[in-house]
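Source file: query36.pdb (PDB, C-alpha atoms)
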MODEL        1
ATOM      1  CA  MET C   1     -53.514  25.048 314.064
ATOM      2  CA  THR C   2     -56.737  25.912 312.527
ATOM      3  CA  ASP C   3     -57.172  28.999 310.501
ATOM      4  CA  GLN C   4     -60.025  30.797 312.284
ATOM      5  CA  THR C   5     -60.623  33.164 309.447
ATOM      6  CA  ASN C   6     -62.403  30.545 307.310
ATOM      7  CA  LEU C   7     -64.944  29.475 309.988
ATOM      8  CA  PRO C   8     -68.517  30.663 309.631
ATOM      9  CA  GLU C   9     -69.578  33.244 312.105
ATOM     10  CA  VAL C  10     -71.824  31.775 314.848
ATOM     11  CA  SER C  11     -74.251  34.054 316.550
ATOM     12  CA  MET C  12     -74.518  33.689 320.317
ATOM     13  CA  THR C  13     -78.308  33.762 319.991
ATOM     14  CA  ALA C  14     -78.518  30.959 317.420
ATOM     15  CA  CYS C  15     -79.333  27.521 318.843
ATOM     16  CA  THR C  16     -78.616  24.104 317.487
ATOM     17  CA  ARG C  17     -81.480  21.714 316.937
ATOM     18  CA  ARG C  18     -80.316  19.680 319.931
ATOM     19  CA  GLN C  19     -80.376  22.779 322.150
ATOM     20  CA  MET C  20     -83.879  23.686 320.942
ATOM     21  CA  ILE C  21     -85.194  20.167 321.692
ATOM     22  CA  ALA C  22     -83.557  20.176 325.115
ATOM     23  CA  GLY C  23     -84.958  23.620 325.899
ATOM     24  CA  GLY C  24     -88.439  22.570 324.794
ATOM     25  CA  ALA C  25     -88.235  19.445 326.956
ATOM     26  CA  ILE C  26     -87.149  21.495 329.961
ATOM     27  CA  GLY C  27     -90.048  23.894 329.376
ATOM     28  CA  LEU C  28     -92.571  21.046 329.139
ATOM     29  CA  CYS C  29     -91.171  19.461 332.285
ATOM     30  CA  GLY C  30     -91.562  22.762 334.060
ATOM     31  CA  LEU C  31     -95.233  22.896 333.048
ATOM     32  CA  ALA C  32     -95.725  19.309 334.167
ATOM     33  CA  ILE C  33     -94.187  20.083 337.553
ATOM     34  CA  LEU C  34     -96.454  23.104 337.974
ATOM     35  CA  GLY C  35     -99.466  20.946 337.053
ATOM     36  CA  THR C  36     -98.396  18.263 339.541
ATOM     37  CA  GLN C  37     -98.011  20.877 342.279
ATOM     38  CA  ALA C  38    -101.517  22.201 341.509
ATOM     39  CA  ASP C  39    -102.901  18.628 341.587
ATOM     40  CA  ALA C  40    -101.151  18.031 344.913
ATOM     41  CA  GLN C  41    -102.770  21.182 346.340
ATOM     42  CA  ASP C  42    -106.190  20.039 345.050
ATOM     43  CA  THR C  43    -105.646  16.596 346.586
ATOM     44  CA  THR C  44    -104.645  18.149 349.897
ATOM     45  CA  THR C  45    -107.760  20.335 349.845
ATOM     46  CA  GLU C  46    -109.960  17.337 348.939
ATOM     47  CA  SER C  47    -108.261  15.275 351.641
ATOM     48  CA  ALA C  48    -108.958  17.979 354.212
ATOM     49  CA  ARG C  49    -112.594  18.074 353.115
ATOM     50  CA  ALA C  50    -112.825  14.285 353.238
ATOM     51  CA  LYS C  51    -111.614  14.360 356.836
ATOM     52  CA  THR C  52    -114.411  16.715 357.887
ATOM     53  CA  ILE C  53    -116.672  14.950 360.334
ATOM     54  CA  ILE C  54    -120.375  15.703 360.184
ATOM     55  CA  VAL C  55    -122.148  14.664 363.359
ATOM     56  CA  THR C  56    -125.472  13.131 362.428
ATOM     57  CA  ARG C  57    -128.662  12.121 364.146
ATOM     58  CA  ALA C  58    -131.553   9.882 363.249
ATOM     59  CA  ILE C  59    -135.318  10.275 363.182
ATOM     60  CA  HIS C  60    -137.649   7.330 363.776
ATOM     61  CA  GLN C  61    -141.368   7.853 363.294
ATOM     62  CA  GLU C  62    -144.325   5.492 363.044
ATOM     63  CA  GLU C  63    -147.576   6.659 361.529
ATOM     64  CA  ASP C  64    -150.847   4.778 361.015
ATOM     65  CA  PHE C  65    -153.012   5.360 357.953
ATOM     66  CA  LYS C  66    -156.468   4.107 357.027
ATOM     67  CA  ALA C  67    -155.343   3.516 353.431
ATOM     68  CA  GLY C  68    -153.674   0.317 352.258
ATOM     69  CA  PRO C  69    -149.935  -0.027 351.546
ATOM     70  CA  ARG C  70    -150.381   0.181 347.755
ATOM     71  CA  ARG C  71    -152.147   3.535 348.014
ATOM     72  CA  ILE C  72    -149.426   5.031 350.226
ATOM     73  CA  TYR C  73    -146.634   3.567 348.090
ATOM     74  CA  GLU C  74    -148.203   5.134 344.987
ATOM     75  CA  ALA C  75    -148.734   8.514 346.665
ATOM     76  CA  LEU C  76    -145.063   8.648 347.686
ATOM     77  CA  LEU C  77    -143.759   7.683 344.221
ATOM     78  CA  ASP C  78    -146.244   9.207 341.784
ATOM     79  CA  SER C  79    -145.342  12.757 340.716
ATOM     80  CA  LYS C  80    -148.954  13.900 340.325
ATOM     81  CA  GLN C  81    -150.131  12.462 343.645
ATOM     82  CA  PHE C  82    -147.090  13.794 345.516
ATOM     83  CA  THR C  83    -147.659  17.241 344.013
ATOM     84  CA  ALA C  84    -151.319  17.042 345.084
ATOM     85  CA  PHE C  85    -150.713  16.036 348.701
ATOM     86  CA  SER C  86    -147.825  18.494 349.097
ATOM     87  CA  GLY C  87    -150.108  21.444 348.445
ATOM     88  CA  GLY C  88    -149.370  21.828 344.743
ATOM     89  CA  ARG C  89    -145.591  22.121 345.105
ATOM     90  CA  THR C  90    -144.190  20.348 342.060
ATOM     91  CA  ALA C  91    -142.758  16.845 342.374
ATOM     92  CA  GLU C  92    -140.813  15.033 339.666
ATOM     93  CA  ILE C  93    -140.163  11.392 340.521
ATOM     94  CA  ASP C  94    -138.461   8.725 338.417
ATOM     95  CA  ARG C  95    -139.979   5.530 339.824
ATOM     96  CA  THR C  96    -136.982   3.297 339.139
ATOM     97  CA  VAL C  97    -134.100   2.214 341.366
ATOM     98  CA  GLY C  98    -131.375   4.769 340.701
ATOM     99  CA  GLY C  99    -133.943   7.257 339.416
ATOM    100  CA  ALA C 100    -133.750  10.890 340.467
ATOM    101  CA  PHE C 101    -136.461  12.826 342.266
ATOM    102  CA  SER C 102    -137.164  16.464 343.021
ATOM    103  CA  LEU C 103    -139.817  17.300 345.628
ATOM    104  CA  PHE C 104    -141.515  20.413 346.983
ATOM    105  CA  ALA C 105    -140.724  22.493 343.884
ATOM    106  CA  GLY C 106    -137.059  21.493 343.894
ATOM    107  CA  HIS C 107    -136.379  22.010 347.611
ATOM    108  CA  ILE C 108    -135.621  18.297 348.180
ATOM    109  CA  VAL C 109    -133.641  16.197 345.681
ATOM    110  CA  GLY C 110    -132.149  12.740 345.582
ATOM    111  CA  ARG C 111    -132.177   9.258 344.116
ATOM    112  CA  THR C 112    -134.154   6.143 344.852
ATOM    113  CA  LEU C 113    -131.906   3.392 346.207
ATOM    114  CA  GLU C 114    -134.360   0.550 346.786
ATOM    115  CA  LEU C 115    -137.955  -0.267 345.924
ATOM    116  CA  VAL C 116    -140.037  -3.205 347.098
ATOM    117  CA  PRO C 117    -143.524  -2.627 345.657
ATOM    118  CA  ASP C 118    -146.083  -1.728 348.316
ATOM    119  CA  ARG C 119    -143.567  -2.502 351.118
ATOM    120  CA  ARG C 120    -140.419  -0.374 351.056
ATOM    121  CA  ILE C 121    -138.919   2.812 349.605
ATOM    122  CA  VAL C 122    -135.318   3.820 350.374
ATOM    123  CA  GLN C 123    -133.979   7.128 349.098
ATOM    124  CA  ALA C 124    -130.742   9.128 349.180
ATOM    125  CA  TRP C 125    -132.350  12.415 350.206
ATOM    126  CA  ARG C 126    -131.063  15.946 350.620
ATOM    127  CA  VAL C 127    -132.218  19.508 351.067
ATOM    128  CA  VAL C 128    -130.745  21.622 348.244
ATOM    129  CA  PRO C 129    -128.824  24.122 350.469
ATOM    130  CA  TRP C 130    -126.883  21.314 352.193
ATOM    131  CA  PRO C 131    -123.170  21.127 351.289
ATOM    132  CA  ASP C 132    -122.464  19.384 347.973
ATOM    133  CA  GLY C 133    -122.345  15.629 348.280
ATOM    134  CA  VAL C 134    -124.170  15.468 351.620
ATOM    135  CA  PHE C 135    -127.071  13.028 351.391
ATOM    136  CA  SER C 136    -129.118  11.391 354.104
ATOM    137  CA  ILE C 137    -131.091   8.146 353.888
ATOM    138  CA  ALA C 138    -134.893   8.137 354.125
ATOM    139  CA  ARG C 139    -136.447   4.693 354.567
ATOM    140  CA  PHE C 140    -140.199   4.066 354.394
ATOM    141  CA  GLU C 141    -141.394   0.617 355.525
ATOM    142  CA  LEU C 142    -145.079  -0.036 354.825
ATOM    143  CA  SER C 143    -146.817  -2.727 356.902
ATOM    144  CA  ALA C 144    -150.431  -3.736 356.371
ATOM    145  CA  GLN C 145    -152.467  -3.527 359.586
ATOM    146  CA  ASN C 146    -156.122  -4.539 359.579
ATOM    147  CA  SER C 147    -157.591  -2.338 356.816
ATOM    148  CA  GLY C 148    -154.807   0.221 356.982
ATOM    149  CA  THR C 149    -151.058   0.662 356.969
ATOM    150  CA  ARG C 150    -148.371   1.490 359.479
ATOM    151  CA  VAL C 151    -145.531   3.503 357.974
ATOM    152  CA  ILE C 152    -142.296   2.950 359.855
ATOM    153  CA  PHE C 153    -139.988   5.746 358.853
ATOM    154  CA  ASP C 154    -136.282   6.159 359.542
ATOM    155  CA  HIS C 155    -134.199   9.131 358.438
ATOM    156  CA  THR C 156    -130.443   8.934 359.057
ATOM    157  CA  GLY C 157    -127.257  10.711 358.094
ATOM    158  CA  PHE C 158    -128.344  14.358 358.200
ATOM    159  CA  PRO C 159    -126.461  17.096 360.067
ATOM    160  CA  SER C 160    -127.482  16.903 363.741
ATOM    161  CA  GLU C 161    -128.357  20.589 364.026
ATOM    162  CA  LEU C 162    -131.234  19.996 361.583
ATOM    163  CA  ALA C 163    -132.925  17.227 363.594
ATOM    164  CA  GLU C 164    -135.775  19.262 365.096
ATOM    165  CA  HIS C 165    -136.496  21.071 361.839
ATOM    166  CA  LEU C 166    -136.552  17.841 359.828
ATOM    167  CA  GLU C 167    -138.621  15.986 362.412
ATOM    168  CA  SER C 168    -141.337  18.636 362.365
ATOM    169  CA  GLY C 169    -141.068  18.805 358.557
ATOM    170  CA  TRP C 170    -141.755  15.079 358.187
ATOM    171  CA  ASN C 171    -144.783  15.420 360.459
ATOM    172  CA  GLU C 172    -146.210  18.480 358.748
ATOM    173  CA  HIS C 173    -145.258  18.007 355.102
ATOM    174  CA  TYR C 174    -145.534  14.228 354.855
ATOM    175  CA  TRP C 175    -147.690  12.564 357.522
ATOM    176  CA  THR C 176    -150.307  15.265 358.176
ATOM    177  CA  ALA C 177    -150.497  16.185 354.479
ATOM    178  CA  LEU C 178    -150.715  12.521 353.433
ATOM    179  CA  GLN C 179    -153.451  11.825 356.044
ATOM    180  CA  LYS C 180    -155.536  14.697 354.593
ATOM    181  CA  TYR C 181    -154.903  13.604 351.001
ATOM    182  CA  LEU C 182    -155.813   9.946 351.608
ATOM    183  CA  GLY C 183    -158.881  10.895 353.663
TER     184      GLY C 183
ENDMDL
END

What's the structure tokens form of this structure?
Amino acid sequence: MTDQTNLPEVSMTACTRRQMIAGGAIGLCGLAILGTQADAQDTTTESARAKTIIVTRAIHQEEDFKAGPRRIYEALLDSKQFTAFSGGRTAEIDRTVGGAFSLFAGHIVGRTLELVPDRRIVQAWRVVPWPDGVFSIARFELSAQNSGTRVIFDHTGFPSELAEHLESGWNEHYWTALQKYLG
């Protein structure tokens, strides 16, 4: 039998090193589980958003200009000329593929996806109030015709309820304004 009187007194609140390590590990695991649950909720929310279907429409317009393709191409991609034909509303345009643009004093933003000098401009295009991540595609094809140019324009991937508004906007703020500017 052991003489219990010579044993050191052990407090019930004192922990061994092994108990402290185990407790710390359990605590960290608990935090990790909470973080994983939060990530799972975020993923579920993102997944629900990703499954949202946006019904889109397309706009096709063809416009004839007296100016040559180079002049129209430059007017659409040069910040100063765009600002001038848009009635003084500031335009900032990076003329490189992948370059950002901001038009009509920041109302329209996007990136240039493709450039073929004097022939084609393709842009990821959006109106600022649209939901984050929603971009449409604006494609300008420039074809020389006699002493002028035919612009064949296609706009796709925008929310369908905006079709009439956008269609009239292209006519008023691009084609009519550009016709006046080019003379």

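Against this structure, the PyMOL selection byres ((chain C and resi 100) around 10) ends up with Glu92, Ile93, Asp94, Arg95, Thr96, Val97, Gly98, Gly99, Phe101, Ser102, Val109, Gly110, Arg111, Thr112, Leu113, Gln123, Ala124 and Trp125 of chain C.
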
*asked:* Measuring between all atoms listed in the file, which one of C:Pro129, C:Ser143, C:Ala75, C:Val122 shows the shortest distance to His155 in chain C?
replied: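 Looking only at the distances to His155 in chain C, the closest residue turns out to be C:Val122.
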
_Separation of CA of Ile121 in chain C from CA of His165 in chain C, in Å and rounded to one decimal_ =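 Between CA of Ile121 in chain C and CA of His165 in chain C the gap works out to 22.1 Å.
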
*For the file shown, report as a PyMOL selection string the outcome of the PyMOL selection byres ((chain C and resi 159) around 9) at residue level.*
chain C and resi 54-57+130+134+136+157-158+160-163

*asked:* One number please: CA of Phe135 in chain C to CA of Lys80 in chain C, in Å, one decimal.
replied: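 Here the two named atoms are 24.5 Å from each other.
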
_Atomic separation - CA of Ser168 in chain C relative to CA of Asp118 in chain C, Å_ =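 According to the coordinates, CA of Asp118 in chain C and CA of Ser168 in chain C are separated by 25.2 Å.
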
*Report as a list in words the full result of the PyMOL selection byres ((chain C and resi 91) around 7) when it is applied to this structure.*
Ser79, Phe82, Thr83, Arg89, Thr90, Glu92, Ile93, Ser102, Leu103, Phe104 and Ala105 of chain C

Can you write out the residues you just picked, keeping C-alpha atoms, as a short mmCIF file (atom, residue, chain, number, x, y, z; two decimals), in the coordinates of the input?
data_model
loop_
_atom_site.label_atom_id
_atom_site.label_comp_id
_atom_site.auth_asym_id
_atom_site.auth_seq_id
_atom_site.Cartn_x
_atom_site.Cartn_y
_atom_site.Cartn_z
CA SER C 79 -145.34 12.76 340.72
CA PHE C 82 -147.09 13.79 345.52
CA THR C 83 -147.66 17.24 344.01
CA ARG C 89 -145.59 22.12 345.10
CA THR C 90 -144.19 20.35 342.06
CA GLU C 92 -140.81 15.03 339.67
CA ILE C 93 -140.16 11.39 340.52
CA SER C 102 -137.16 16.46 343.02
CA LEU C 103 -139.82 17.30 345.63
CA PHE C 104 -141.51 20.41 346.98
CA ALA C 105 -140.72 22.49 343.88
#

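Each of C:Arg70, C:Thr156, C:Tyr174, C:Glu167 was compared to Arg119 in chain C using all atoms listed in the file, and C:Arg70 turns out to be the nearest.
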
_Quick one: residues within 8 Å of His60 in chain C, all atoms listed in the file, excluding same-chain residues fewer than 5 positions away - as a PyMOL selection string?_
chain C and resi 152-155

*Write out as a list in words the residues lying within 8 Å of range 61-68 of chain C, counting only C-alpha atoms and excluding same-chain residues fewer than 2 positions away.*
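Returned residues: Ile59, Arg70, Arg71, Ile72, Ala144, Ser147, Gly148, Thr149, Arg150, Val151, Ile152, Phe153, Asp154, Trp175, Gln179, Leu182 and Gly183 of chain C.
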
*Of the candidates C:Ile108, C:Trp170, C:Ala84, C:Tyr73, which one gets nearest to Leu142 in chain C if we count all atoms listed in the file?*
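Once distances to Leu142 in chain C are computed over all atoms listed in the file, the minimum belongs to C:Tyr73.
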